[in-house]
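S.K.: Sharing entry_31.cif (mmCIF, C-alpha atoms (C1' of nucleotides)) below.
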```cif
data_final
#
loop_
_atom_site.label_atom_id
_atom_site.label_comp_id
_atom_site.auth_asym_id
_atom_site.auth_seq_id
_atom_site.Cartn_x
_atom_site.Cartn_y
_atom_site.Cartn_z
CA MET L 918 158.51 28.00 57.00
CA LYS L 919 156.78 24.84 55.76
CA ILE L 920 157.21 24.31 52.01
CA ALA L 921 155.43 21.49 50.19
CA THR L 922 155.28 20.02 46.71
CA PHE L 923 152.14 18.28 45.46
CA ASN L 924 151.37 16.96 41.98
CA ILE L 925 147.58 17.20 42.13
CA ASN L 926 146.85 15.65 38.69
CA GLY L 927 144.15 18.14 37.73
CA ILE L 928 142.76 20.98 39.87
CA LYS L 929 139.15 20.22 38.88
CA ALA L 930 139.44 16.64 40.07
CA ARG L 931 141.15 17.71 43.30
CA ILE L 932 138.78 20.54 44.19
CA GLU L 933 137.89 18.80 47.46
CA ALA L 934 141.03 16.79 48.29
CA LEU L 935 143.45 19.73 47.93
CA PRO L 936 141.68 22.12 50.36
CA ARG L 937 141.21 19.20 52.77
CA TRP L 938 144.96 18.56 52.83
CA LEU L 939 145.77 22.30 53.08
CA ALA L 940 143.52 22.65 56.12
CA GLU L 941 145.15 19.77 57.98
CA ALA L 942 148.79 20.25 56.86
CA THR L 943 148.77 24.08 56.98
CA PRO L 944 151.83 24.57 54.74
CA ASP L 945 153.11 28.13 54.28
CA VAL L 946 154.08 27.54 50.64
CA VAL L 947 152.85 24.92 48.18
CA CYS L 948 154.26 24.11 44.75
CA LEU L 949 151.50 22.52 42.68
CA GLN L 950 152.08 20.53 39.49
CA GLU L 951 149.74 19.26 36.79
CA ILE L 952 147.03 21.79 37.52
CA LYS L 953 145.82 20.93 33.96
CA SER L 954 144.14 24.32 33.76
CA GLN L 955 144.64 27.68 32.17
CA ASP L 956 145.31 30.63 34.50
CA ASP L 957 141.74 31.94 34.26
CA GLY L 958 140.29 28.51 34.98
CA PHE L 959 142.19 28.09 38.25
CA PRO L 960 139.98 28.59 41.34
CA ALA L 961 142.32 31.17 42.91
CA GLN L 962 139.63 32.77 45.08
CA MET L 963 139.05 29.51 46.96
CA PHE L 964 142.69 29.53 48.07
CA ARG L 965 142.71 33.27 48.80
CA ASP L 966 139.78 32.62 51.12
CA MET L 967 142.05 30.14 52.94
CA GLY L 968 144.74 32.80 53.34
CA TYR L 969 146.97 32.02 50.36
CA GLU L 970 148.36 34.24 47.67
CA VAL L 971 148.10 32.47 44.30
CA GLN L 972 150.45 32.57 41.31
CA THR L 973 149.76 30.31 38.36
CA HIS L 974 151.53 29.31 35.16
CA GLY L 975 148.78 27.38 33.44
CA GLN L 976 148.20 25.60 30.17
CA LYS L 977 145.10 24.14 28.55
CA ALA L 978 144.46 20.50 29.52
CA PHE L 979 148.08 19.51 30.23
CA ASN L 980 150.91 20.38 32.61
CA GLY L 981 150.59 23.68 34.47
CA VAL L 982 152.18 24.73 37.77
CA ALA L 983 151.19 27.09 40.58
CA LEU L 984 152.45 28.55 43.83
CA LEU L 985 150.30 29.08 46.91
CA SER L 986 151.76 31.10 49.78
CA ARG L 987 150.54 32.42 53.12
CA LEU L 988 153.65 34.64 53.15
CA PRO L 989 154.27 37.50 50.72
CA MET L 990 155.47 36.40 47.26
CA THR L 991 157.56 38.68 45.06
CA ASP L 992 159.58 38.57 41.84
CA VAL L 993 157.55 35.83 40.16
CA VAL L 994 159.14 34.14 37.13
CA ARG L 995 157.01 31.95 34.87
CA GLY L 996 158.62 29.38 32.58
CA LEU L 997 162.06 27.81 32.65
CA PRO L 998 164.51 30.18 30.93
CA GLY L 999 166.62 28.99 28.03
CA ASP L 1000 164.16 28.16 25.22
CA ASP L 1001 161.72 30.80 23.98
CA ASP L 1002 159.98 28.19 21.79
CA ASP L 1003 159.02 25.97 24.73
CA VAL L 1004 155.26 26.35 25.24
CA GLN L 1005 154.92 23.78 28.05
CA ALA L 1006 154.07 25.26 31.49
CA ARG L 1007 156.43 23.43 33.84
CA TRP L 1008 158.26 26.04 35.94
CA ILE L 1009 157.37 28.89 38.29
CA GLU L 1010 159.49 30.64 40.90
CA ALA L 1011 159.03 33.38 43.47
CA THR L 1012 160.70 34.84 46.54
CA VAL L 1013 158.80 34.07 49.74
CA THR L 1014 159.62 36.15 52.79
CA GLY L 1015 159.11 34.95 56.34
CA ALA L 1016 161.83 35.42 58.98
CA ARG L 1017 164.17 34.93 55.97
CA ALA L 1018 163.69 35.38 52.23
CA VAL L 1019 163.66 32.07 50.35
CA ARG L 1020 163.57 31.61 46.57
CA VAL L 1021 161.08 28.82 45.85
CA CYS L 1022 161.11 27.14 42.42
CA GLY L 1023 158.20 24.85 41.55
CA LEU L 1024 158.85 22.42 38.71
CA TYR L 1025 157.19 19.71 36.70
CA LEU L 1026 160.00 17.91 34.93
CA PRO L 1027 158.99 16.14 31.68
CA ASN L 1028 158.08 12.46 31.93
CA GLY L 1029 160.10 11.58 28.83
CA ASN L 1030 158.40 8.34 27.81
CA PRO L 1031 158.66 6.65 25.43
CA ALA L 1032 162.45 6.48 25.46
CA PRO L 1033 164.32 6.75 23.25
CA GLY L 1034 162.48 9.33 21.16
CA PRO L 1035 161.66 13.05 20.89
CA LYS L 1036 159.94 13.14 24.29
CA TYR L 1037 163.03 11.74 25.95
CA ASP L 1038 165.23 14.21 24.08
CA TYR L 1039 162.98 16.99 25.42
CA LYS L 1040 163.35 15.67 28.96
CA LEU L 1041 167.16 15.66 28.82
CA ALA L 1042 167.25 19.09 27.18
CA TRP L 1043 164.90 20.43 29.88
CA MET L 1044 167.17 19.03 32.58
CA ALA L 1045 170.16 20.76 30.98
CA ARG L 1046 168.20 24.05 31.01
CA MET L 1047 167.34 23.50 34.66
CA GLN L 1048 171.02 22.89 35.38
CA ALA L 1049 171.81 26.32 33.91
CA ARG L 1050 169.00 28.02 35.86
CA VAL L 1051 170.12 26.44 39.14
CA LYS L 1052 173.68 27.63 38.52
CA THR L 1053 172.46 31.17 37.91
CA LEU L 1054 170.36 31.21 41.07
CA LEU L 1055 173.13 29.67 43.20
CA ALA L 1056 175.31 32.67 42.37
CA GLY L 1057 172.78 34.87 44.21
CA GLU L 1058 173.55 33.15 47.53
CA MET L 1059 169.91 33.22 48.64
CA PRO L 1060 168.39 30.08 50.21
CA LEU L 1061 166.87 28.12 47.30
CA VAL L 1062 164.26 25.36 47.27
CA PHE L 1063 163.63 23.41 44.04
CA ALA L 1064 160.42 21.51 44.72
CA GLY L 1065 158.36 19.43 42.37
CA ASP L 1066 157.63 16.33 40.37
CA TYR L 1067 161.05 15.50 38.94
CA ASN L 1068 159.90 12.34 37.13
CA VAL L 1069 163.23 10.87 38.26
CA ILE L 1070 163.75 7.76 40.39
CA PRO L 1071 167.18 8.66 41.80
CA GLN L 1072 168.21 5.22 43.05
CA ALA L 1073 167.00 1.60 43.09
CA MET L 1074 165.89 2.04 46.71
CA ASP L 1075 163.41 4.66 45.49
CA ALA L 1076 161.27 2.05 43.70
CA ALA L 1077 159.40 -0.94 45.14
CA LYS L 1078 160.25 -2.90 41.99
CA PRO L 1079 163.28 -1.25 40.38
CA GLY L 1080 163.57 -4.08 37.85
CA GLY L 1081 160.37 -2.95 36.20
CA TRP L 1082 161.74 0.54 35.49
CA MET L 1083 165.00 -0.36 33.73
CA THR L 1084 163.93 0.92 30.29
CA ASP L 1085 161.66 3.69 31.58
CA ALA L 1086 162.51 7.37 31.12
CA LEU L 1087 162.15 7.89 34.89
CA TYR L 1088 165.06 5.56 35.61
CA LEU L 1089 167.29 5.26 32.53
CA PRO L 1090 171.01 5.82 33.23
CA ASP L 1091 171.02 9.13 31.31
CA THR L 1092 168.11 10.37 33.46
CA ARG L 1093 169.80 9.49 36.73
CA ALA L 1094 173.08 10.95 35.53
CA ALA L 1095 171.42 14.26 34.67
CA TYR L 1096 169.76 14.30 38.11
CA ARG L 1097 173.10 13.60 39.79
CA ARG L 1098 174.62 16.51 37.88
CA LEU L 1099 171.94 18.75 39.40
CA VAL L 1100 172.64 17.45 42.89
CA ASN L 1101 176.38 17.76 42.31
CA LEU L 1102 176.01 21.51 41.84
CA GLY L 1103 175.75 21.46 45.63
CA LEU L 1104 172.08 20.65 46.22
CA THR L 1105 170.72 18.45 49.00
CA ASP L 1106 167.85 15.96 48.60
CA ALA L 1107 166.01 17.04 51.74
CA PHE L 1108 164.23 13.73 52.23
CA ARG L 1109 167.47 11.73 52.24
CA VAL L 1110 168.90 13.89 55.04
CA ARG L 1111 166.33 12.41 57.42
CA GLU L 1112 165.60 9.02 55.85
CA PRO L 1113 168.43 6.99 54.34
CA GLY L 1114 166.40 3.79 54.01
CA ALA L 1115 164.34 2.15 51.27
CA GLY L 1116 160.56 1.86 51.00
CA HIS L 1117 159.53 5.53 50.85
CA TYR L 1118 157.46 6.59 47.85
CA SER L 1119 155.56 9.64 46.59
CA PHE L 1120 153.68 8.13 43.62
CA TRP L 1121 151.54 5.05 43.13
CA ASP L 1122 149.98 4.41 39.72
CA TYR L 1123 146.19 4.23 39.48
CA GLN L 1124 146.60 0.99 37.53
CA ALA L 1125 147.10 -2.61 38.57
CA GLY L 1126 146.45 -2.03 42.27
CA ALA L 1127 149.75 -0.22 42.73
CA TRP L 1128 148.63 1.50 45.95
CA GLU L 1129 147.15 -1.64 47.50
CA ARG L 1130 150.37 -3.51 46.70
CA ASN L 1131 152.55 -0.55 47.78
CA ASN L 1132 154.16 -0.66 44.34
CA GLY L 1133 155.39 2.93 44.48
CA ILE L 1134 158.24 5.17 43.39
CA ARG L 1135 159.82 8.30 44.93
CA ILE L 1136 159.85 10.96 42.20
CA ASP L 1137 158.69 14.12 44.03
CA HIS L 1138 161.68 15.87 45.53
CA LEU L 1139 162.81 19.02 47.32
CA LEU L 1140 166.39 19.93 46.49
CA LEU L 1141 167.96 22.59 48.73
CA SER L 1142 170.82 24.97 48.08
CA PRO L 1143 173.55 25.03 50.77
CA GLN L 1144 172.02 28.15 52.35
CA ALA L 1145 168.62 26.43 52.49
CA ALA L 1146 170.04 23.09 53.71
CA ASP L 1147 171.56 24.94 56.66
CA LEU L 1148 168.01 25.96 57.66
CA LEU L 1149 166.47 22.46 57.30
CA SER L 1150 164.47 21.41 60.32
CA ASN L 1151 162.09 18.64 59.21
CA VAL L 1152 160.90 16.72 56.13
CA ALA L 1153 158.18 14.17 55.42
CA ILE L 1154 156.02 12.46 52.83
CA ASP L 1155 152.27 12.69 53.53
CA ARG L 1156 151.72 9.10 52.45
CA ALA L 1157 148.22 8.78 53.96
CA VAL L 1158 146.85 11.29 51.41
CA ARG L 1159 147.01 8.54 48.77
CA GLY L 1160 144.42 6.54 50.72
CA GLY L 1161 141.92 9.42 50.97
CA ASP L 1162 138.81 10.09 48.89
CA LYS L 1163 139.46 10.70 45.17
CA PRO L 1164 143.22 11.02 45.59
CA SER L 1165 145.87 12.19 43.17
CA ASP L 1166 148.34 9.49 42.14
CA HIS L 1167 151.04 11.60 43.90
CA VAL L 1168 151.15 12.64 47.57
CA PRO L 1169 152.57 15.84 49.15
CA VAL L 1170 156.20 16.01 50.26
CA TRP L 1171 157.33 18.86 52.50
CA VAL L 1172 160.15 20.47 54.43
CA THR L 1173 160.23 22.92 57.30
CA LEU L 1174 163.00 25.52 57.30
CA ASP L 1175 164.07 27.79 60.13
CA ALA L 1176 163.14 30.77 57.99
"C1'" DA M 293 149.90 -9.54 29.08
"C1'" DT M 294 150.78 -3.75 23.95
"C1'" DG M 295 146.40 -4.84 29.24
"C1'" DG M 296 145.35 -1.96 33.41
"C1'" DT M 297 143.18 3.49 35.45
"C1'" DC M 298 142.72 8.13 35.63
"C1'" DG M 299 142.12 13.48 33.92
"C1'" DC M 300 140.85 16.73 30.55
"C1'" DA M 301 137.32 17.56 27.75
"C1'" DA M 302 134.52 15.82 24.51
"C1'" DG M 303 138.19 12.11 20.85
"C1'" DG M 304 142.38 10.79 21.91
"C1'" DC M 305 146.52 12.06 24.27
"C1'" DG M 306 149.35 12.06 28.31
"C1'" DA M 307 150.83 9.74 32.39
#
```
Can you present the structure in this file as structure tokens?

M.R.:
Amino acid sequence: MKIATFNINGIKARIEALPRWLAEATPDVVCLQEIKSQDDGFPAQMFRDMGYEVQTHGQKAFNGVALLSRLPMTDVVRGLPGDDDDVQARWIEATVTGARAVRVCGLYLPNGNPAPGPKYDYKLAWMARMQARVKTLLAGEMPLVFAGDYNVIPQAMDAAKPGGWMTDALYLPDTRAAYRRLVNLGLTDAFRVREPGAGHYSFWDYQAGAWERNNGIRIDHLLLSPQAADLLSNVAIDRAVRGGDKPSDHVPVWVTLDA
DNA sequence: ATGGTCGCAAGGCGA
């Protein structure tokens, strides 16, 4: 089972690049972030025609997440539990069944800038809510995949120029500590199982020639529960997508599980 | 360097 995460930065702007990548990468499951569309504005039929079931959790203009799956999806949950007043569409989960049943959670963690401030407070509160949700799901002992745009640079090696991120919400000590608390629940950063070295990124800003200078950061992650980590077979970042026509500022990251 | 470049949606916010 090939499971990918891809922050597409607007479905309307990626209406050609996303199907192009799907056709060549042929993932079984895709967690999309920043669809920037309401549910009824998402071109679900286009993806159904490519063999995917579609589940969306959209929002007008901002945020919005979706799941695409070539395998049956059941028990869909929209929205991160823990705050009924939160109107931002940043979380969707479903059980995907191939040879094994896997619970896939797609997430778009808040950016949090500027920090300090209310947006940063929201980011940390959201991470605490995610911590609680992960704990609840871990108790179910099903293989779990938490895939998405975490807006977290876990370590200095995950940025080309870590010095430039010192006061940024993606890299502040409180951000990295909250991310470590998630990992310390027993989750595995799938990418780091295969690649312990520096120089691997998933995002390059549109500004200041970041892509041309390879001034990137690794902020799109797949965290695996122990039962999912035991099934891990392969993982990669589809870096070349950033150099394609009309690209997102993020590229896909994926794992294959023996499931 | 308070810039720079995108996307959404139709002005300014978010990243």

S.K.: With the file shown as input, list the residues that the PyMOL selection byres ((chain L) within 9 of (chain M)) selects, as a PyMOL selection string.

M.R.: chain L and resi 926-927+929-930+953-954+977-979+1028+1030+1122-1126+1166

S.K.: Nearest residue to L:Thr1084 out of L:Met990, L:Ile1070, L:Val982, L:Ala1032, using all atoms listed in the file?

M.R.: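 Counting all atoms listed in the file, the residue closest to L:Thr1084 is L:Ala1032.
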
S.K.: Can you list, as a list in words, the residues that the PyMOL selection byres ((chain L and resi 947) around 7) selects here?

M.R.: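 For this structure, the PyMOL selection byres ((chain L and resi 947) around 7) resolves to Ile920, Ala921, Thr922, Pro944, Asp945, Val946, Cys948, Leu949, Leu984, Leu985 and Ser986 of chain L.
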
S.K.: Quick check, in Å to one decimal: how far apart do atom CA of L:Glu933 and atom CA of L:Arg965 lie?

M.R.: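 Straight-line distance from atom CA of L:Glu933 to atom CA of L:Arg965 works out to 15.3 Å.
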
S.K.: Taking 3 positions as the minimum chain separation for residues in the same chain, which residues sit within 10 Å of stretch 1008-1023 of chain L when counting all atoms listed in the file? Answer as a PyMOL selection string.

M.R.: chain L and resi 918+920-923+945-950+972-975+980-984+986-998+1005+1026+1047+1051+1054+1059-1066+1139-1142+1144-1145+1148+1174-1176

S.K.: Around all listed atoms of stretch 294-297 of chain M, padded 3 Å per side, what centre and edge lengths does the axis-aligned box have in Å to one decimal, as JSON?

M.R.:
```
{"center_x": 147.0, "center_y": -0.7, "center_z": 29.7, "size_x": 13.6, "size_y": 14.3, "size_z": 17.5}
```

S.K.: Which residues are near L:Asp1091? Cut-off 10 Å, only C-alpha atoms (C1' of nucleotides), ignore same chain within fewer than 6 positions. Put them as a CSV table (one decimal) with C-alpha atoms, in the frame of the given file.

M.R.:
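Final output, result07.csv:
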```csv
chain,number,residue,atom,x,y,z
L,1037,TYR,CA,163.0,11.7,26.0
L,1041,LEU,CA,167.2,15.7,28.8
L,1097,ARG,CA,173.1,13.6,39.8
```

S.K.: Using all atoms listed in the file for the distances, tell me which of L:Ile1134, L:Ile952, L:Leu1102, L:Ala1153 is nearest to L:Trp1171.

M.R.: L:Ala1153

S.K.: Just the number, please: distance in Å from atom CA of L:Ala1157 to atom CA of L:Ile925, one decimal.

M.R.: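 Computed distance, atom CA of L:Ala1157 to atom CA of L:Ile925, equals 14.5 Å.
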
S.K.: Quick one: distance from atom CA of L:Lys1052 to atom CA of L:Val971 in Å, one decimal?

M.R.: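 Atom CA of L:Lys1052 sits 26.7 Å away from atom CA of L:Val971.
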
S.K.: For L:Asp1001, which of L:Arg1046, L:Pro1164, L:Val1172, L:Trp1121 is the closest residue, counting all atoms listed in the file?

M.R.: L:Arg1046

S.K.: List as a ChimeraX atom specification the protein and nucleic acid residues near L:Gln1048, meaning an atom at most 10 Å away when only C-alpha atoms (C1' of nucleotides) are counted, but skip any in the same chain fewer than 6 places from it.

M.R.: /L:1042,1095-1096,1098-1100,1102

S.K.: List every protein, DNA or RNA residue that has at least one atom no more than 8 Å from (159.0, 17.4, 56.6) in the file's coordinates, counting all atoms listed in the file, and write the result as a count of residues only.

M.R.: 11
